[in-house]
>>> print(open('run14.tsv').read())   # TSV, C-alpha atoms
chain	number	residue	atom	x	y	z
A	1115	MET	CA	117.55	288.22	215.21
A	1116	ALA	CA	116.07	290.18	218.09
A	1117	GLN	CA	116.82	293.90	218.04
A	1118	ASP	CA	118.49	293.79	221.46
A	1119	ASN	CA	121.06	291.20	220.34
A	1120	ILE	CA	124.59	292.23	219.44
A	1121	ARG	CA	126.95	290.57	216.98
A	1122	ILE	CA	130.65	289.99	217.43
A	1123	GLY	CA	133.29	288.29	215.28
A	1124	LYS	CA	134.86	284.93	216.13
A	1125	ALA	CA	138.44	286.18	216.59
A	1126	GLU	CA	137.44	289.13	218.73
A	1127	LEU	CA	135.18	286.99	220.92
A	1128	GLU	CA	137.84	284.29	221.40
A	1129	ALA	CA	140.40	286.91	222.41
A	1130	PHE	CA	137.95	288.51	224.87
A	1131	VAL	CA	136.96	285.20	226.47
A	1132	GLY	CA	140.60	284.09	226.67
A	1133	ALA	CA	141.52	287.33	228.43
A	1134	ILE	CA	138.79	286.74	231.01
A	1135	PHE	CA	140.12	283.28	231.81
A	1136	VAL	CA	143.71	284.50	232.04
A	1137	ALA	CA	142.48	287.18	234.48
A	1138	VAL	CA	141.06	284.49	236.77
A	1139	GLY	CA	144.31	282.53	236.86
A	1140	LEU	CA	144.47	280.16	233.88
A	1141	SER	CA	147.58	279.80	231.76
A	1142	ARG	CA	147.38	281.41	228.35
A	1143	GLU	CA	147.33	277.93	226.72
A	1144	HIS	CA	144.47	276.67	228.85
A	1145	ALA	CA	142.52	279.93	228.56
A	1146	THR	CA	142.83	279.82	224.78
A	1147	GLU	CA	141.58	276.22	224.59
A	1148	TRP	CA	138.59	277.02	226.79
A	1149	ALA	CA	137.75	280.12	224.78
A	1150	LYS	CA	137.94	278.13	221.51
A	1151	MET	CA	135.50	275.56	222.86
A	1152	LEU	CA	132.92	278.08	224.08
A	1153	VAL	CA	133.04	280.12	220.87
A	1154	TRP	CA	132.84	276.88	218.85
A	1155	ALA	CA	129.51	276.19	220.56
A	1156	ASN	CA	128.18	279.68	219.77
A	1157	LEU	CA	129.40	279.45	216.18
A	1158	ARG	CA	127.40	276.26	215.65
A	1159	GLY	CA	124.23	277.64	217.22
A	1160	THR	CA	124.63	275.79	220.52
A	1161	ASP	CA	124.38	279.05	222.44
A	1162	SER	CA	123.21	277.23	225.56
A	1163	HIS	CA	126.73	275.82	225.97
A	1164	GLY	CA	128.73	278.80	224.83
A	1165	ILE	CA	129.76	282.04	226.49
A	1166	ILE	CA	126.48	282.23	228.43
A	1167	ARG	CA	128.24	280.00	230.96
A	1168	ILE	CA	131.17	282.36	231.67
A	1169	PRO	CA	129.82	284.10	234.81
A	1170	ARG	CA	129.05	280.75	236.39
A	1171	TYR	CA	132.48	279.40	235.44
A	1172	ILE	CA	134.13	282.42	237.07
A	1173	ASP	CA	132.17	281.74	240.27
A	1174	LEU	CA	133.31	278.10	240.22
A	1175	ILE	CA	136.95	279.11	239.70
A	1176	ASN	CA	136.76	281.59	242.58
A	1177	ALA	CA	135.22	278.86	244.75
A	1178	ARG	CA	138.07	276.53	243.66
A	1179	SER	CA	135.53	274.06	242.29
A	1180	ILE	CA	137.15	274.51	238.88
A	1181	ASN	CA	140.91	274.33	239.25
A	1182	ALA	CA	142.69	277.08	237.31
A	1183	LYS	CA	146.02	275.24	237.62
A	1184	PRO	CA	145.17	271.51	237.44
A	1185	ASP	CA	147.60	268.62	237.82
A	1186	ILE	CA	146.26	266.38	235.04
A	1187	ARG	CA	147.78	262.89	235.18
A	1188	VAL	CA	147.32	259.33	233.94
A	1189	GLU	CA	146.54	257.05	236.88
A	1190	ARG	CA	146.19	253.77	235.04
A	1191	LYS	CA	146.81	252.62	231.48
A	1192	THR	CA	146.53	249.40	229.47
A	1193	ALA	CA	146.73	248.87	225.72
A	1194	ALA	CA	143.21	250.21	225.16
A	1195	ALA	CA	142.09	251.79	228.44
A	1196	VAL	CA	143.19	254.89	230.32
A	1197	VAL	CA	142.09	256.36	233.64
A	1198	LEU	CA	142.81	260.09	233.64
A	1199	GLU	CA	142.66	262.29	236.73
A	1200	THR	CA	141.81	265.78	235.47
A	1201	ASP	CA	142.00	267.43	238.90
A	1202	ARG	CA	138.90	269.60	238.34
A	1203	ALA	CA	140.37	271.14	235.20
A	1204	PRO	CA	138.16	273.19	232.89
A	1205	ALA	CA	136.48	270.59	230.68
A	1206	ALA	CA	137.99	272.05	227.51
A	1207	VAL	CA	141.42	271.28	228.99
A	1208	GLY	CA	140.79	267.97	230.75
A	1209	MET	CA	138.60	266.39	228.10
A	1210	THR	CA	140.91	267.45	225.27
A	1211	ARG	CA	143.65	265.55	227.08
A	1212	ALA	CA	141.25	262.59	227.34
A	1213	VAL	CA	140.70	262.71	223.57
A	1214	ASN	CA	144.45	262.62	222.99
A	1215	GLU	CA	144.89	259.68	225.37
A	1216	ALA	CA	142.08	257.72	223.70
A	1217	ILE	CA	143.52	258.37	220.24
A	1218	GLN	CA	146.98	257.28	221.35
A	1219	CYS	CA	145.55	253.94	222.45
A	1220	ALA	CA	143.47	253.58	219.29
A	1221	ARG	CA	146.53	254.09	217.08
A	1222	SER	CA	148.07	250.93	218.50
A	1223	ALA	CA	145.12	248.87	219.76
A	1224	GLY	CA	142.42	249.88	217.29
A	1225	ILE	CA	140.18	251.21	220.07
A	1226	GLY	CA	140.99	253.53	222.95
A	1227	TRP	CA	138.77	254.34	225.92
A	1228	CYS	CA	139.79	257.12	228.27
A	1229	ALA	CA	137.71	257.55	231.42
A	1230	ALA	CA	138.30	260.99	232.91
A	1231	ARG	CA	137.70	261.53	236.62
A	1232	HIS	CA	136.85	264.87	238.26
A	1233	THR	CA	136.06	266.84	235.14
A	1234	THR	CA	133.92	269.95	235.36
A	1235	HIS	CA	130.95	271.15	233.32
A	1236	THR	CA	131.57	269.54	229.95
A	1237	GLY	CA	129.83	272.10	227.76
A	1238	ALA	CA	129.29	271.23	224.10
A	1239	ILE	CA	130.50	267.66	224.22
A	1240	GLY	CA	130.48	267.36	220.43
A	1241	TYR	CA	133.63	269.52	220.45
A	1242	PHE	CA	135.61	266.54	221.75
A	1243	ALA	CA	134.05	264.00	219.40
A	1244	GLN	CA	134.87	266.22	216.44
A	1245	GLN	CA	138.48	266.55	217.63
A	1246	ALA	CA	138.84	262.80	217.18
A	1247	ALA	CA	136.97	262.68	213.87
A	1248	ASP	CA	139.13	265.47	212.46
A	1249	GLN	CA	142.08	263.10	212.98
A	1250	GLY	CA	140.34	260.20	211.21
A	1251	PHE	CA	138.85	258.40	214.22
A	1252	ALA	CA	135.22	257.64	214.92
A	1253	ALA	CA	134.33	258.71	218.45
A	1254	ILE	CA	131.79	258.40	221.23
A	1255	VAL	CA	132.00	260.89	224.10
A	1256	MET	CA	129.88	260.88	227.27
A	1257	SER	CA	129.64	262.95	230.42
A	1258	ALA	CA	128.03	262.06	233.75
A	1259	SER	CA	126.95	264.49	236.47
A	1260	GLY	CA	124.67	264.61	239.50
A	1261	PRO	CA	120.87	264.46	239.76
A	1262	MET	CA	119.00	267.19	237.89
A	1263	MET	CA	116.45	265.31	235.76
A	1264	ALA	CA	113.35	263.29	236.57
A	1265	TYR	CA	113.18	259.53	236.04
A	1266	PRO	CA	109.83	258.13	234.80
A	1267	GLY	CA	107.54	257.92	237.81
A	1268	THR	CA	109.40	260.54	239.85
A	1269	ARG	CA	108.78	264.29	240.22
A	1270	VAL	CA	112.17	265.19	241.69
A	1271	PRO	CA	115.74	265.05	240.32
A	1272	ALA	CA	116.83	261.41	239.97
A	1273	VAL	CA	119.32	261.14	237.10
A	1274	SER	CA	121.31	263.67	235.09
A	1275	SER	CA	120.69	265.13	231.66
A	1276	ASN	CA	123.94	263.38	230.70
A	1277	PRO	CA	125.02	264.31	227.16
A	1278	ILE	CA	126.46	261.95	224.55
A	1279	ALA	CA	128.10	262.69	221.21
A	1280	PHE	CA	129.08	260.61	218.18
A	1281	ALA	CA	131.39	261.66	215.36
A	1282	VAL	CA	132.29	259.78	212.16
A	1283	PRO	CA	134.81	260.88	209.52
A	1284	ARG	CA	133.69	260.77	205.89
A	1285	ARG	CA	135.34	261.25	202.54
A	1286	GLY	CA	134.93	264.69	200.99
A	1287	GLY	CA	133.12	266.46	203.80
A	1288	ARG	CA	133.15	267.49	207.45
A	1289	PRO	CA	132.64	264.63	209.93
A	1290	TYR	CA	129.13	263.59	210.81
A	1291	LEU	CA	128.42	264.86	214.32
A	1292	LEU	CA	125.54	263.95	216.62
A	1293	ASP	CA	125.52	265.68	220.00
A	1294	PHE	CA	122.54	265.68	222.35
A	1295	SER	CA	121.48	265.90	225.94
A	1296	THR	CA	119.40	263.10	227.44
A	1297	GLY	CA	117.06	265.86	228.68
A	1298	VAL	CA	114.34	267.33	226.49
A	1299	VAL	CA	116.63	270.36	226.40
A	1300	ALA	CA	119.93	271.23	228.01
A	1301	ASN	CA	119.72	273.44	231.08
A	1302	GLY	CA	121.58	276.13	229.14
A	1303	LYS	CA	118.55	276.60	226.87
A	1304	ILE	CA	116.46	277.35	229.93
A	1305	MET	CA	119.14	279.81	231.06
A	1306	GLY	CA	119.04	281.42	227.63
A	1307	ALA	CA	115.24	281.82	227.78
A	1308	ALA	CA	115.62	283.53	231.16
A	1309	ASP	CA	118.22	285.91	229.71
A	1310	ARG	CA	115.87	286.79	226.85
A	1311	GLY	CA	112.86	287.19	229.12
A	1312	GLU	CA	111.00	284.43	227.30
A	1313	LYS	CA	108.74	281.65	228.53
A	1314	ILE	CA	109.62	278.02	227.86
A	1315	PRO	CA	107.33	275.33	226.42
A	1316	VAL	CA	105.44	272.98	228.68
A	1317	GLY	CA	107.38	269.71	228.92
A	1318	TRP	CA	110.86	271.17	229.42
A	1319	GLY	CA	110.96	271.18	233.21
A	1320	LEU	CA	109.17	270.93	236.54
A	1321	ASP	CA	108.93	273.47	239.35
A	1322	LYS	CA	109.71	272.81	243.03
A	1323	ASP	CA	106.33	271.12	243.46
A	1324	GLY	CA	106.84	268.77	240.52
A	1325	HIS	CA	104.46	270.60	238.19
A	1326	ASP	CA	105.10	271.62	234.58
A	1327	THR	CA	106.17	275.24	234.30
A	1328	THR	CA	106.68	277.76	231.52
A	1329	ASP	CA	108.78	280.05	233.74
A	1330	PRO	CA	112.48	279.32	233.08
A	1331	LYS	CA	113.43	280.76	236.48
A	1332	ALA	CA	111.10	278.34	238.24
A	1333	VAL	CA	112.55	275.13	236.79
A	1334	GLU	CA	113.92	272.81	239.47
A	1335	THR	CA	113.92	269.50	237.58
A	1336	LEU	CA	114.55	268.80	233.91
A	1337	LEU	CA	112.55	266.23	231.95
A	1338	PRO	CA	114.10	263.38	229.90
A	1339	VAL	CA	113.91	263.29	226.12
A	1340	GLY	CA	111.73	260.41	224.96
A	1341	GLY	CA	110.63	259.60	228.50
A	1342	ALA	CA	112.04	256.25	229.60
A	1343	LYS	CA	114.47	256.14	226.66
A	1344	GLY	CA	116.27	259.34	227.61
A	1345	ALA	CA	116.22	258.54	231.31
A	1346	GLY	CA	117.48	255.01	230.67
A	1347	LEU	CA	120.29	256.28	228.45
A	1348	SER	CA	121.34	258.71	231.19
A	1349	PHE	CA	121.29	255.84	233.71
A	1350	MET	CA	123.60	253.77	231.49
A	1351	ILE	CA	126.00	256.68	230.96
A	1352	GLU	CA	126.33	256.90	234.74
A	1353	CYS	CA	127.17	253.18	234.78
A	1354	LEU	CA	129.68	253.30	231.91
A	1355	THR	CA	131.42	256.47	233.06
A	1356	SER	CA	131.19	257.20	236.77
A	1357	LEU	CA	130.85	253.63	238.00
A	1358	LEU	CA	133.78	252.49	235.84
A	1359	LEU	CA	135.87	255.05	237.69
A	1360	SER	CA	134.54	253.99	241.11
A	1361	GLU	CA	133.28	257.58	241.32
A	1362	PRO	CA	129.44	257.34	241.50
A	1363	ARG	CA	127.61	260.62	240.95
A	1364	ILE	CA	123.93	259.74	241.38
A	1365	ALA	CA	123.44	257.29	244.26
A	1366	PRO	CA	125.43	259.19	246.93
A	1367	ASP	CA	123.46	262.38	246.32
A	1368	LEU	CA	120.12	260.59	246.35
A	1369	GLU	CA	120.95	258.65	249.51
A	1370	SER	CA	121.94	261.79	251.38
A	1371	TRP	CA	119.38	263.97	249.57
A	1372	ALA	CA	122.18	266.51	249.20
A	1373	ILE	CA	121.26	267.47	245.65
A	1374	GLY	CA	122.85	270.73	244.59
A	1375	ASP	CA	124.84	272.43	241.88
A	1376	ASP	CA	127.81	270.07	242.17
A	1377	PRO	CA	130.39	270.98	239.53
A	1378	PHE	CA	132.27	267.65	239.59
A	1379	LEU	CA	131.62	265.29	236.69
A	1380	ASN	CA	133.17	262.28	235.01
A	1381	GLY	CA	133.69	261.79	231.30
A	1382	SER	CA	134.45	259.04	228.78
A	1383	VAL	CA	136.06	259.32	225.37
A	1384	ILE	CA	136.07	256.32	223.04
A	1385	ALA	CA	138.20	256.60	219.90
A	1386	ILE	CA	137.86	253.99	217.15
A	1387	ASP	CA	140.29	253.47	214.29
A	1388	PRO	CA	138.22	252.34	211.27
A	1389	GLY	CA	141.38	250.83	209.80
A	1390	ALA	CA	141.52	248.31	212.62
A	1391	PHE	CA	138.32	246.73	211.27
A	1392	GLY	CA	139.04	246.80	207.55
A	1393	ASP	CA	139.67	249.30	204.81
A	1394	ARG	CA	139.78	252.83	206.25
A	1395	ASP	CA	139.32	254.49	202.85
A	1396	LYS	CA	136.33	252.32	202.06
A	1397	PHE	CA	134.78	253.15	205.44
A	1398	GLU	CA	135.04	256.88	204.75
A	1399	ARG	CA	133.74	256.46	201.20
A	1400	GLU	CA	130.76	254.43	202.43
A	1401	ALA	CA	130.07	257.00	205.14
A	1402	GLU	CA	129.93	259.67	202.45
A	1403	ARG	CA	127.77	257.45	200.22
A	1404	LEU	CA	125.32	256.82	203.06
A	1405	GLY	CA	124.80	260.53	203.49
A	1406	ILE	CA	124.44	261.18	199.78
A	1407	VAL	CA	121.79	258.47	199.42
A	1408	ILE	CA	119.73	259.70	202.38
A	1409	ALA	CA	120.05	263.37	201.41
A	1410	GLY	CA	118.87	262.49	197.90
A	1411	LEU	CA	115.61	260.85	198.96
A	1412	ALA	CA	112.22	262.33	198.15
A	1413	ARG	CA	111.67	265.24	200.53
A	1414	ALA	CA	108.61	265.86	202.65
A	1415	GLU	CA	106.43	268.80	201.76
A	1416	GLY	CA	108.02	272.10	202.72
A	1417	VAL	CA	111.51	270.62	203.19
A	1418	SER	CA	114.17	272.27	201.03
A	1419	ARG	CA	117.12	270.19	202.22
A	1420	ILE	CA	117.61	266.98	204.18
A	1421	MET	CA	120.16	267.66	206.92
A	1422	LEU	CA	122.62	264.95	207.93
A	1423	PRO	CA	124.08	264.78	211.47
A	1424	GLY	CA	126.13	267.90	212.10
A	1425	GLU	CA	125.15	269.75	208.92
A	1426	ARG	CA	122.77	272.15	210.64
A	1427	GLY	CA	125.59	273.28	212.92
A	1428	ASP	CA	127.99	273.52	209.99
A	1429	ALA	CA	125.55	275.77	208.13
A	1430	ILE	CA	125.05	278.03	211.15
A	1431	ARG	CA	128.81	278.21	211.61
A	1432	ALA	CA	129.34	279.33	208.02
A	1433	GLU	CA	126.74	282.09	208.43
A	1434	ARG	CA	128.08	283.28	211.79
A	1435	GLU	CA	131.69	283.26	210.64
A	1436	ALA	CA	130.60	285.58	207.82
A	1437	THR	CA	128.27	287.91	209.73
A	1438	GLY	CA	129.25	287.60	213.38
A	1439	ILE	CA	127.97	285.68	216.40
A	1440	PRO	CA	124.67	286.94	217.89
A	1441	ILE	CA	124.66	287.32	221.67
A	1442	ALA	CA	121.53	288.08	223.69
A	1443	LYS	CA	121.71	291.48	225.38
A	1444	GLY	CA	121.14	289.97	228.83
A	1445	THR	CA	123.92	287.45	228.34
A	1446	TRP	CA	126.34	290.11	227.09
A	1447	GLN	CA	125.58	292.42	230.01
A	1448	ARG	CA	126.33	289.69	232.55
A	1449	ILE	CA	129.62	288.79	230.84
A	1450	ALA	CA	130.64	292.43	230.43
A	1451	LYS	CA	130.02	293.08	234.12
A	1452	ALA	CA	132.18	290.08	235.08
A	1453	ALA	CA	134.94	291.19	232.71
A	1454	GLN	CA	134.97	294.75	234.07
A	1455	THR	CA	135.25	293.42	237.61
A	1456	LEU	CA	138.37	291.53	236.49
A	1457	GLY	CA	139.83	294.55	234.71
A	1458	VAL	CA	139.33	293.07	231.24
A	1459	ALA	CA	138.40	295.49	228.47
A	1460	VAL	CA	135.00	294.80	226.92
A	1461	PRO	CA	134.75	294.94	223.09
A	1462	GLN	CA	132.54	297.81	221.96
>>> encode(input="run14.tsv", output="structure tokens")
Amino acid sequence: MAQDNIRIGKAELEAFVGAIFVAVGLSREHATEWAKMLVWANLRGTDSHGIIRIPRYIDLINARSINAKPDIRVERKTAAAVVLETDRAPAAVGMTRAVNEAIQCARSAGIGWCAARHTTHTGAIGYFAQQAADQGFAAIVMSASGPMMAYPGTRVPAVSSNPIAFAVPRRGGRPYLLDFSTGVVANGKIMGAADRGEKIPVGWGLDKDGHDTTDPKAVETLLPVGGAKGAGLSFMIECLTSLLLSEPRIAPDLESWAIGDDPFLNGSVIAIDPGAFGDRDKFEREAERLGIVIAGLARAEGVSRIMLPGERGDAIRAEREATGIPIAKGTWQRIAKAAQTLGVAVPQ
């Protein structure tokens, strides 16, 4: 850990973050849920989607782009499909409601799909997939936003670095969890490098002229993971989330060339009841067996342990719950300044 990092405990950090959100107008319930989600990301090592985002979120609340008092409502519902208007709610609030709606459908129909309109920055999307898996449901969660990532053959923003997450419950262990951006890295990792005063590797992003850059502050366009595969996956997430809601995010911006930091997103939560397809207990046993078999294979040279989906984050969480969450000095200074402006006491 760098010498200019600080460490803070989970409970203290959640209370601090919750107090900040209450100070900008959220209810205590909503502020607590949002704080839990951000700290969950930091606990698991996904610092790019944790509290580093707080100053920007405050700006969006003050600009009324994020609604501190949303009117979340179901607009349409069938046995297995729900359209949810989240009214620009903080994602931790709106998408948690989407998880609950999808699970409610899955309990009766076997599968539930909730498409959530007008969400805001989704953050660590695995948080929502794990919510479903913790209740015994397999889950797929997606989020779609505006242009910020190149498409193969372009040198300007064309698609989004839309994230997708999968979670699967297993017998005798925490759910498997796979959560990734369709970009080489999430934009938050570039923000983190800027906070630490570090350069970024070539291949993460392009500058305003479409050239590779190692300066995190010069990045204008992200690059897709796996080239055409990542870009194509992002394209399909736009189709299966925004277009399903008749709320396109990409084409209108590209047609008008009004690409900016638009906070409005759309999200999809798919909950699957394994018991609707057969024996639920057997499914969870076989999921556990699959992991055991793969983890027991001959390891490559220098590998001490084969990590299954989600286990790296689980290991980091265990360490950080015991020793505290490391926060970069630059990140902490920005958050502390925002808190002081709101009259919120900063932990020492």
>>> atom_distance(input="run14.tsv", atom1="CA of Ala1246 (chain A)", atom2="CA of Ile1225 (chain A)")
12.0 Å
>>> residues_around(input="run14.tsv", residues="Ala1452 (chain A)", least_positions_apart="5", cutoff="9 Å", atoms="all atoms listed in the file", output="VMD selection string")
chain A and resid 1134 1168 to 1169 1172 1447 1457 to 1458
>>> closest_atom_pairs(input="run14.tsv", of="region 1183-1290 of chain A", to="region 1421-1429 of chain A", cutoff="10 Å", atoms="all atoms listed in the file", output="tab-separated table")
residue	atom	partner	partner_atom	distance
A:Gly1240	CA	A:Gly1424	CA	9.4
A:Gln1244	CA	A:Gly1424	CA	9.9
A:Phe1280	CA	A:Pro1423	CA	9.3
A:Ala1281	CA	A:Gly1424	CA	8.8
A:Val1282	CA	A:Pro1423	CA	9.6
A:Arg1288	CA	A:Asp1428	CA	8.3
A:Pro1289	CA	A:Gly1424	CA	7.6
A:Tyr1290	CA	A:Pro1423	CA	5.2
>>> write_last_selection(input="run14.tsv", atoms="C-alpha atoms", output="short mmCIF file (atom, residue, chain, number, x, y, z; two decimals), in the frame of the given file")
data_model
loop_
_atom_site.label_atom_id
_atom_site.label_comp_id
_atom_site.auth_asym_id
_atom_site.auth_seq_id
_atom_site.Cartn_x
_atom_site.Cartn_y
_atom_site.Cartn_z
CA GLY A 1240 130.48 267.36 220.43
CA GLN A 1244 134.87 266.22 216.44
CA PHE A 1280 129.08 260.61 218.18
CA ALA A 1281 131.39 261.66 215.36
CA VAL A 1282 132.29 259.78 212.16
CA ARG A 1288 133.15 267.49 207.45
CA PRO A 1289 132.64 264.63 209.93
CA TYR A 1290 129.13 263.59 210.81
#
>>> residues_around(input="run14.tsv", residues="Arg1285 (chain A)", least_positions_apart="4", cutoff="7 Å", atoms="all atoms listed in the file", output="PyMOL selection string")
chain A and resi 1398-1399+1402
>>> closest_residue(input="run14.tsv", among="A:Leu1359, A:Ala1385, A:Arg1170, A:Thr1236", to="Cys1219 (chain A)", atoms="all atoms listed in the file")
A:Ala1385
>>> closest_residue(input="run14.tsv", among="A:Ala1450, A:Gly1226, A:Ala1272, A:Lys1150", to="Thr1192 (chain A)", atoms="all atoms listed in the file")
A:Gly1226
>>> closest_residue(input="run14.tsv", among="A:Thr1327, A:Gln1454, A:Thr1437, A:Asn1214", to="Ala1230 (chain A)", atoms="all atoms listed in the file")
A:Asn1214
>>> residues_around(input="run14.tsv", residues="Arg1363 (chain A)", least_positions_apart="4", cutoff="9 Å", atoms="all atoms listed in the file", output="compact mmCIF listing (two decimals) with C-alpha atoms, keeping the file's coordinate frame")
# COMPACT_ATOMS: atom_id res chain seq x y z
CA ALA A 1258 128.03 262.06 233.75
CA SER A 1259 126.95 264.49 236.47
CA GLY A 1260 124.67 264.61 239.50
CA PRO A 1261 120.87 264.46 239.76
CA GLU A 1352 126.33 256.90 234.74
CA SER A 1356 131.19 257.20 236.77
CA LEU A 1357 130.85 253.63 238.00
CA ASP A 1367 123.46 262.38 246.32
CA PHE A 1378 132.27 267.65 239.59
CA LEU A 1379 131.62 265.29 236.69
CA ASN A 1380 133.17 262.28 235.01
>>> atom_distance(input="run14.tsv", atom1="CA of Gly1317 (chain A)", atom2="CA of Gly1267 (chain A)")
14.8 Å
>>> residues_around(input="run14.tsv", residues="Val1273 (chain A)", least_positions_apart="3", cutoff="7 Å", atoms="all atoms listed in the file", output="count of residues only")
9
>>> atom_distance(input="run14.tsv", atom1="CA of Pro1277 (chain A)", atom2="CA of Leu1152 (chain A)")
16.2 Å
>>> closest_residue(input="run14.tsv", among="A:Gly1346, A:Gly1237, A:Gly1306, A:Pro1204", to="Pro1266 (chain A)", atoms="only C-alpha atoms")
A:Gly1346
>>> residues_near_point(input="run14.tsv", point="(130.3, 257.2, 229.9)", cutoff="8 Å", atoms="only C-alpha atoms", output="ChimeraX atom specification")
/A:1229,1255-1258,1350-1356,1380-1383
>>> write_last_selection(input="run14.tsv", atoms="C-alpha atoms", output="PDB file, keeping the file's coordinate frame")
ATOM      1  CA  ALA A1229     137.710 257.550 231.420  1.00  0.00           C
ATOM      2  CA  VAL A1255     132.000 260.890 224.100  1.00  0.00           C
ATOM      3  CA  MET A1256     129.880 260.880 227.270  1.00  0.00           C
ATOM      4  CA  SER A1257     129.640 262.950 230.420  1.00  0.00           C
ATOM      5  CA  ALA A1258     128.030 262.060 233.750  1.00  0.00           C
ATOM      6  CA  MET A1350     123.600 253.770 231.490  1.00  0.00           C
ATOM      7  CA  ILE A1351     126.000 256.680 230.960  1.00  0.00           C
ATOM      8  CA  GLU A1352     126.330 256.900 234.740  1.00  0.00           C
ATOM      9  CA  CYS A1353     127.170 253.180 234.780  1.00  0.00           C
ATOM     10  CA  LEU A1354     129.680 253.300 231.910  1.00  0.00           C
ATOM     11  CA  THR A1355     131.420 256.470 233.060  1.00  0.00           C
ATOM     12  CA  SER A1356     131.190 257.200 236.770  1.00  0.00           C
ATOM     13  CA  ASN A1380     133.170 262.280 235.010  1.00  0.00           C
ATOM     14  CA  GLY A1381     133.690 261.790 231.300  1.00  0.00           C
ATOM     15  CA  SER A1382     134.450 259.040 228.780  1.00  0.00           C
ATOM     16  CA  VAL A1383     136.060 259.320 225.370  1.00  0.00           C
TER      17      VAL A1383
END
